[in-house]
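Dropping run12.cif in here (mmCIF, C-alpha atoms and all ligand atoms):
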```
data_my_file
#
loop_
_atom_site.label_atom_id
_atom_site.label_comp_id
_atom_site.auth_asym_id
_atom_site.auth_seq_id
_atom_site.Cartn_x
_atom_site.Cartn_y
_atom_site.Cartn_z
CA MET A 1 -15.92 54.70 -31.27
CA SER A 2 -12.60 56.53 -31.72
CA VAL A 3 -9.49 55.19 -33.45
CA VAL A 4 -7.55 52.99 -31.03
CA ILE A 5 -3.93 51.94 -31.51
CA ALA A 6 -3.38 48.94 -29.23
CA VAL A 7 0.22 48.28 -28.18
CA ASP A 8 1.04 45.06 -26.34
CA GLY A 9 4.21 43.22 -25.46
CA PRO A 10 6.45 42.20 -22.56
CA SER A 11 7.80 44.72 -20.08
CA GLY A 12 10.85 46.63 -21.29
CA ALA A 13 10.21 46.24 -25.03
CA GLY A 14 9.78 50.02 -25.40
CA LYS A 15 5.98 50.19 -25.40
CA GLY A 16 5.82 53.07 -22.93
CA THR A 17 8.18 55.33 -24.88
CA LEU A 18 6.56 54.39 -28.19
CA CYS A 19 3.07 55.13 -26.86
CA VAL A 20 4.04 58.54 -25.49
CA LYS A 21 5.58 59.49 -28.85
CA LEU A 22 2.55 58.26 -30.78
CA ALA A 23 0.04 60.02 -28.52
CA LYS A 24 1.97 63.29 -28.78
CA ALA A 25 2.46 63.11 -32.54
CA LEU A 26 -1.17 62.21 -33.23
CA GLY A 27 -2.84 64.28 -30.47
CA PHE A 28 -4.40 61.07 -29.08
CA SER A 29 -5.14 60.26 -25.44
CA LEU A 30 -3.00 57.72 -23.70
CA LEU A 31 -3.93 54.70 -21.58
CA ASP A 32 -1.12 53.08 -19.62
CA SER A 33 -3.04 50.02 -18.45
CA GLY A 34 -0.05 48.62 -16.53
CA ALA A 35 -0.21 51.71 -14.31
CA LEU A 36 -3.77 50.73 -13.30
CA TYR A 37 -2.52 47.35 -12.06
CA ARG A 38 0.46 49.05 -10.42
CA ILE A 39 -1.81 51.53 -8.60
CA LEU A 40 -4.03 48.69 -7.49
CA GLY A 41 -0.95 46.92 -6.10
CA LEU A 42 -0.01 50.04 -4.11
CA ALA A 43 -3.60 50.59 -2.97
CA SER A 44 -3.81 47.00 -1.75
CA VAL A 45 -0.80 47.54 0.50
CA ASP A 46 -2.28 50.80 1.86
CA ALA A 47 -5.63 49.11 2.49
CA GLY A 48 -4.08 45.96 4.00
CA VAL A 49 -5.65 43.74 1.32
CA ALA A 50 -3.69 40.57 0.47
CA VAL A 51 -2.64 40.07 -3.18
CA ASP A 52 -4.68 36.85 -3.29
CA ASP A 53 -7.91 38.35 -1.85
CA GLU A 54 -9.65 38.57 -5.22
CA PRO A 55 -13.08 39.99 -4.20
CA ALA A 56 -11.52 42.72 -2.02
CA LEU A 57 -9.06 43.64 -4.79
CA ALA A 58 -11.90 43.90 -7.31
CA GLU A 59 -13.78 46.28 -4.99
CA LEU A 60 -10.65 48.37 -4.57
CA ALA A 61 -10.13 48.43 -8.36
CA LYS A 62 -13.49 50.16 -8.83
CA THR A 63 -12.36 53.14 -6.73
CA ILE A 64 -9.33 53.98 -8.89
CA ASP A 65 -9.60 57.37 -10.60
CA VAL A 66 -6.51 57.89 -12.70
CA ASP A 67 -5.28 60.11 -15.53
CA PHE A 68 -2.16 60.00 -17.71
CA VAL A 69 -0.01 62.84 -18.95
CA PRO A 70 2.54 62.29 -21.72
CA GLY A 71 5.76 63.75 -20.30
CA GLU A 72 8.87 65.02 -22.06
CA PRO A 73 10.38 62.86 -24.84
CA GLY A 74 12.19 59.91 -23.26
CA GLU A 75 10.32 60.33 -19.98
CA PRO A 76 7.72 57.79 -18.83
CA VAL A 77 4.03 58.59 -18.81
CA GLY A 78 3.03 60.74 -15.85
CA VAL A 79 0.43 59.09 -13.60
CA MET A 80 -2.06 61.26 -11.73
CA LEU A 81 -4.14 59.59 -9.03
CA ASN A 82 -7.03 61.71 -7.77
CA GLY A 83 -5.13 64.73 -9.10
CA ILE A 84 -1.87 63.86 -7.32
CA ASP A 85 1.31 62.96 -9.24
CA VAL A 86 2.25 59.41 -8.19
CA THR A 87 4.59 58.67 -11.12
CA SER A 88 7.78 57.82 -9.23
CA LYS A 89 6.09 55.43 -6.78
CA VAL A 90 4.17 53.74 -9.58
CA ARG A 91 7.38 53.10 -11.57
CA LEU A 92 9.34 51.32 -8.82
CA GLU A 93 10.41 47.74 -9.64
CA SER A 94 8.72 46.57 -6.44
CA THR A 95 5.43 48.13 -7.61
CA GLY A 96 5.72 46.29 -10.95
CA ALA A 97 6.18 43.01 -9.09
CA LEU A 98 3.07 43.75 -6.98
CA ALA A 99 1.11 44.59 -10.13
CA SER A 100 1.90 41.24 -11.73
CA LYS A 101 0.46 39.53 -8.63
CA VAL A 102 -2.86 41.42 -8.53
CA ALA A 103 -3.31 41.34 -12.33
CA PRO A 104 -4.04 37.61 -12.87
CA HIS A 105 -7.39 37.69 -10.98
CA PRO A 106 -10.37 37.54 -13.36
CA MET A 107 -12.55 39.71 -11.06
CA VAL A 108 -9.85 42.39 -10.96
CA ARG A 109 -9.54 42.42 -14.76
CA ALA A 110 -13.31 42.60 -15.14
CA ALA A 111 -13.49 45.50 -12.66
CA LEU A 112 -10.92 47.46 -14.68
CA LEU A 113 -12.43 46.77 -18.09
CA GLU A 114 -14.88 49.67 -18.25
CA THR A 115 -12.33 52.08 -16.76
CA GLN A 116 -10.00 51.17 -19.60
CA ARG A 117 -12.63 51.37 -22.34
CA SER A 118 -13.77 54.78 -21.11
CA PHE A 119 -10.45 56.19 -22.33
CA ALA A 120 -11.58 55.58 -25.91
CA GLN A 121 -14.55 57.93 -25.60
CA LYS A 122 -12.67 61.14 -26.29
CA GLY A 123 -10.91 61.21 -29.68
CA GLY A 124 -8.14 58.79 -30.65
CA LEU A 125 -6.39 56.60 -28.12
CA VAL A 126 -3.04 54.88 -27.80
CA ALA A 127 -3.44 51.98 -25.36
CA ASP A 128 -0.39 50.33 -23.78
CA GLY A 129 -0.58 46.93 -22.06
CA ARG A 130 -0.66 43.16 -22.34
CA ASP A 131 -4.23 42.50 -23.49
CA MET A 132 -5.16 45.69 -25.35
CA GLY A 133 -5.42 43.93 -28.73
CA THR A 134 -6.74 40.59 -27.46
CA VAL A 135 -9.36 41.72 -24.92
CA VAL A 136 -9.86 45.37 -23.99
CA PHE A 137 -9.83 46.83 -27.53
CA ASN A 138 -10.13 43.65 -29.54
CA ASP A 139 -11.65 45.55 -32.46
CA ALA A 140 -8.82 48.14 -32.64
CA PRO A 141 -7.91 48.90 -36.27
CA LEU A 142 -4.16 48.75 -35.49
CA LYS A 143 -2.69 46.28 -33.02
CA ILE A 144 1.05 46.34 -32.43
CA PHE A 145 2.87 43.54 -30.63
CA LEU A 146 6.27 44.92 -29.63
CA THR A 147 8.93 42.51 -28.40
CA ALA A 148 12.69 42.51 -27.71
CA SER A 149 15.00 39.83 -26.34
CA ALA A 150 15.06 39.51 -22.53
CA GLN A 151 18.78 40.37 -22.64
CA ALA A 152 18.15 43.64 -24.51
CA ARG A 153 15.28 44.55 -22.20
CA ALA A 154 17.39 43.94 -19.10
CA GLU A 155 20.21 46.08 -20.56
CA ARG A 156 17.82 48.98 -21.24
CA ARG A 157 16.35 48.71 -17.77
CA LEU A 158 19.84 48.67 -16.23
CA LEU A 159 20.78 51.92 -18.01
CA GLN A 160 17.47 53.52 -17.01
CA LEU A 161 17.87 52.62 -13.32
CA GLN A 162 21.56 53.58 -13.25
CA SER A 163 20.72 56.98 -14.69
CA LYS A 164 18.38 57.45 -11.73
CA GLY A 165 21.25 56.59 -9.38
CA GLU A 166 19.76 53.20 -8.41
CA ASP A 167 22.19 50.45 -7.48
CA VAL A 168 21.13 47.40 -9.51
CA ASN A 169 22.59 44.14 -10.69
CA PHE A 170 22.22 42.94 -14.29
CA ALA A 171 21.73 39.25 -13.46
CA THR A 172 19.00 40.09 -10.94
CA LEU A 173 17.23 42.32 -13.46
CA LEU A 174 17.37 39.62 -16.14
CA ASP A 175 15.95 37.07 -13.66
CA GLU A 176 13.15 39.48 -12.72
CA ILE A 177 12.28 40.16 -16.36
CA GLU A 178 12.15 36.46 -17.17
CA ALA A 179 10.02 35.74 -14.09
CA ARG A 180 7.64 38.59 -15.02
CA ASP A 181 7.36 37.28 -18.61
CA ALA A 182 6.56 33.81 -17.33
CA ARG A 183 3.82 35.18 -15.04
CA ASP A 184 2.35 37.43 -17.75
CA MET A 185 2.38 34.77 -20.47
CA GLY A 186 1.57 31.76 -18.33
CA ARG A 187 -1.54 33.03 -16.55
CA ALA A 188 -4.95 31.63 -17.43
CA GLU A 189 -6.72 34.99 -17.63
CA SER A 190 -5.83 37.35 -20.53
CA PRO A 191 -2.28 36.05 -20.93
CA LEU A 192 0.23 38.13 -22.83
CA ARG A 193 0.09 37.00 -26.46
CA PRO A 194 -0.18 38.69 -29.85
CA ALA A 195 -3.71 39.07 -31.19
CA ASP A 196 -4.26 36.98 -34.34
CA ASP A 197 -4.32 40.18 -36.41
CA ALA A 198 -1.46 41.91 -34.55
CA TRP A 199 1.42 43.53 -36.41
CA GLN A 200 4.57 42.17 -34.76
CA LEU A 201 7.70 44.25 -34.33
CA ASP A 202 10.99 43.24 -32.69
CA SER A 203 12.86 46.21 -31.20
CA THR A 204 15.99 44.28 -30.13
CA THR A 205 18.23 45.99 -32.69
CA LYS A 206 16.08 49.05 -33.39
CA SER A 207 16.08 52.51 -31.87
CA ILE A 208 12.86 53.94 -30.53
CA ASP A 209 12.84 56.43 -33.41
CA GLU A 210 12.99 53.60 -35.95
CA VAL A 211 10.13 51.76 -34.23
CA PHE A 212 8.10 54.98 -34.03
CA ALA A 213 8.66 55.70 -37.75
CA GLU A 214 7.57 52.17 -38.72
CA VAL A 215 4.39 52.37 -36.65
CA MET A 216 3.51 55.83 -37.99
CA ALA A 217 4.01 54.56 -41.55
CA GLU A 218 1.76 51.59 -40.85
CA ALA A 219 -0.95 53.82 -39.32
CA GLN A 220 -0.80 56.03 -42.40
CA ARG A 221 -0.86 53.05 -44.74
CA ARG A 222 -4.07 51.93 -43.01
CA GLN A 223 -5.43 55.49 -43.35
CA LEU A 224 -5.97 55.80 -39.60
CA VAL A 225 -4.15 59.10 -39.25
O1 LIG E 301 3.51 47.37 -18.25
P1 LIG E 301 3.78 47.37 -16.76
O2 LIG E 301 5.17 46.90 -16.41
O3 LIG E 301 3.46 48.66 -16.12
O4 LIG E 301 2.77 46.26 -16.15
C1 LIG E 301 2.81 45.89 -14.80
C2 LIG E 301 2.15 44.54 -14.61
O5 LIG E 301 0.74 44.66 -14.87
C3 LIG E 301 2.65 43.45 -15.55
O6 LIG E 301 3.42 42.48 -14.84
C4 LIG E 301 1.43 42.76 -16.08
C5 LIG E 301 0.27 43.58 -15.63
N1 LIG E 301 -0.54 44.08 -16.75
C6 LIG E 301 -1.59 43.30 -17.17
O7 LIG E 301 -1.80 42.22 -16.63
N2 LIG E 301 -2.40 43.75 -18.15
C7 LIG E 301 -2.18 44.93 -18.75
N3 LIG E 301 -3.00 45.34 -19.72
C8 LIG E 301 -1.08 45.72 -18.37
C9 LIG E 301 -0.26 45.26 -17.36
#
```
Let me see the structure of the file written as structure tokens.
Amino acid sequence: MSVVIAVDGPSGAGKGTLCVKLAKALGFSLLDSGALYRILGLASVDAGVAVDDEPALAELAKTIDVDFVPGEPGEPVGVMLNGIDVTSKVRLESTGALASKVAPHPMVRAALLETQRSFAQKGGLVADGRDMGTVVFNDAPLKIFLTASAQARAERRLLQLQSKGEDVNFATLLDEIEARDARDMGRAESPLRPADDAWQLDSTTKSIDEVFAEVMAEAQRRQLV
């Protein structure tokens, strides 16, 4: 099996940007597991499947054929679905909210397990998610748990959305982030938590370049790269 760097943490901690930088610097593939749940959320709307219809969602999950392309520095991972670029739709706040509703179902998570593991078949892999270190790649030689305060994450998200010309309110964003955290951490199946052997990093007062440099140094110290 190839070298896997598992990166978990709450939404907005900087995992996406960190993973793109790592994958590019190391020439590793990239798995954005959140995008799989996001695509499933979108597909469920298209197919008229309710977010609580677990068996139907699991069937739908098996049909997802997705690929990721690291974009320009600072840009999110590009998401290709059946060869079509669906990045902007996948990144909408509303899609993230849908994803967190389809993701808690055990049958859905089981259906997406092999899809996720298949990304580790070709060379090294940087895997971004909530349960990369605890479940999907629980034997990864480097597990990062990246956090930041909810306040800092809401501020970053506000700047990101404003730069795209979206009209958003800080208090609403903070509420959404806290509600998403509660759903991700409170669910019974694969809740968001650091693996016992995870290396924990808090990015509240750190730039992405500082976080990247620390992770690269740790990967080198462990002789993974
Ligand atoms: O990282 P993200 O914002 O794209 O994730 C969207 C949702 O998907 C998030 O609310 C939790 C869920 N998710 C998950 O349950 N397991 C993962 N490995 C990744 C994301």
Q: Compute the set of protein, DNA and RNA residues whose minimum atom distance to ligand LIG 301 (chain E) is at most 9 Å, using only C-alpha atoms and all ligand atoms, and state it as a PyMOL selection string.
A: chain A and resi 8-12+15-16+32-38+90-91+93+95-104+109+127-132+135-136+180-181+183-184+189-192
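Comparing the minimum interatomic distances between Lys164 in chain A and each of A:Leu92, A:Ala111, A:Ala50, A:Ala213, counting all atoms listed in the file, we find that A:Leu92 sits nearest.
Across A:His105, A:Lys62, A:Lys143, A:Lys89, the tightest approach to Asp196 in chain A is made by A:Lys143 when counting all atoms listed in the file.
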Q | Residue neighbourhood Ile208 in chain A, 10 Å, all atoms listed in the file, exclusion window fewer than 3 positions, as a PyMOL selection string | A | chain A and resi 13-15+17-18+21+74+203+205+211-214
Q. Any idea what's packed within 12 Å of Gly123 in chain A, counting only C-alpha atoms, ignoring anything in its chain fewer than 2 positions away? Could you give it as an MDAnalysis selection string?
A. chainID A and resid 1:5 23 26:30 118:121 125:126 225
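Coordinates place CA of Arg187 in chain A at a distance of 23.2 Å from CA of Ala140 in chain A.
Among the candidates A:Gln151, A:Ser163, A:Gln116, A:Gln200, the one nearest to Val66 in chain A when counting all atoms listed in the file is A:Gln116.
Minimum atom-to-atom distance to Arg221 in chain A, evaluated using only C-alpha atoms, belongs to A:Leu142 out of A:Ile39, A:Val86, A:Leu142, A:Ala25.
The smallest atom-to-atom distance between Leu173 in chain A and any of A:Ser94, A:Trp199, A:Ser88, A:Phe145, using all atoms listed in the file, is found for A:Ser94.
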Q. By how many Å are CA of Met185 in chain A and CA of Val7 in chain A apart?
A. 15.7 Å
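Each of A:Ala43, A:Gly165, A:Ala56, A:Ala154 was compared to Leu81 in chain A using only C-alpha atoms, and A:Ala43 turns out to be the nearest.
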Q) If you measure from CA of Arg193 in chain A to CA of Asp175 in chain A, what distance in Å do you get, rounded to one decimal? A) 20.4 Å
Please give the centre and size of the box around range 18-37 of chain A (axis-aligned, containing every atom listed in the file, 4 Å added per side), with values in Å to one decimal and written as AutoDock Vina command-line options.
```
--center_x 0.7 --center_y 55.8 --center_z -22.6 --size_x 19.7 --size_y 24.9 --size_z 29.2
```
My structure is short of atoms at range 147-160 of chain A; please model N, CA, C and O atoms there, returning them as a CSV table (one decimal), in the frame of the given file.
```
chain,number,residue,atom,x,y,z
A,147,THR,N,8.1,43.4,-29.2
A,147,THR,CA,8.9,42.5,-28.4
A,147,THR,C,10.4,43.0,-28.5
A,147,THR,O,10.7,43.9,-29.2
A,148,ALA,N,11.2,42.4,-27.7
A,148,ALA,CA,12.7,42.5,-27.7
A,148,ALA,C,13.2,41.4,-26.9
A,148,ALA,O,12.5,40.8,-26.0
A,149,SER,N,14.5,41.0,-27.1
A,149,SER,CA,15.0,39.8,-26.3
A,149,SER,C,15.1,40.2,-24.9
A,149,SER,O,15.2,41.4,-24.5
A,150,ALA,N,15.0,39.2,-24.0
A,150,ALA,CA,15.1,39.5,-22.5
A,150,ALA,C,16.4,40.2,-22.2
A,150,ALA,O,16.4,41.1,-21.4
A,151,GLN,N,17.5,39.8,-22.9
A,151,GLN,CA,18.8,40.4,-22.6
A,151,GLN,C,18.8,41.9,-23.0
A,151,GLN,O,19.2,42.7,-22.1
A,152,ALA,N,18.2,42.2,-24.1
A,152,ALA,CA,18.2,43.6,-24.5
A,152,ALA,C,17.3,44.4,-23.6
A,152,ALA,O,17.6,45.6,-23.2
A,153,ARG,N,16.2,43.8,-23.1
A,153,ARG,CA,15.3,44.6,-22.2
A,153,ARG,C,15.9,44.8,-20.8
A,153,ARG,O,15.8,45.8,-20.2
A,154,ALA,N,16.7,43.8,-20.4
A,154,ALA,CA,17.4,43.9,-19.1
A,154,ALA,C,18.5,45.0,-19.2
A,154,ALA,O,18.7,45.8,-18.3
A,155,GLU,N,19.2,45.1,-20.4
A,155,GLU,CA,20.2,46.1,-20.6
A,155,GLU,C,19.6,47.5,-20.5
A,155,GLU,O,20.2,48.4,-19.9
A,156,ARG,N,18.5,47.7,-21.2
A,156,ARG,CA,17.8,49.0,-21.2
A,156,ARG,C,17.4,49.4,-19.8
A,156,ARG,O,17.6,50.5,-19.4
A,157,ARG,N,16.8,48.4,-19.1
A,157,ARG,CA,16.4,48.7,-17.8
A,157,ARG,C,17.5,49.1,-16.9
A,157,ARG,O,17.4,50.0,-16.0
A,158,LEU,N,18.6,48.4,-17.0
A,158,LEU,CA,19.8,48.7,-16.2
A,158,LEU,C,20.3,50.1,-16.4
A,158,LEU,O,20.5,50.9,-15.5
A,159,LEU,N,20.4,50.5,-17.7
A,159,LEU,CA,20.8,51.9,-18.0
A,159,LEU,C,19.8,52.9,-17.4
A,159,LEU,O,20.2,53.9,-16.8
A,160,GLN,N,18.5,52.6,-17.5
A,160,GLN,CA,17.5,53.5,-17.0
A,160,GLN,C,17.6,53.7,-15.5
A,160,GLN,O,17.6,54.8,-15.0
```
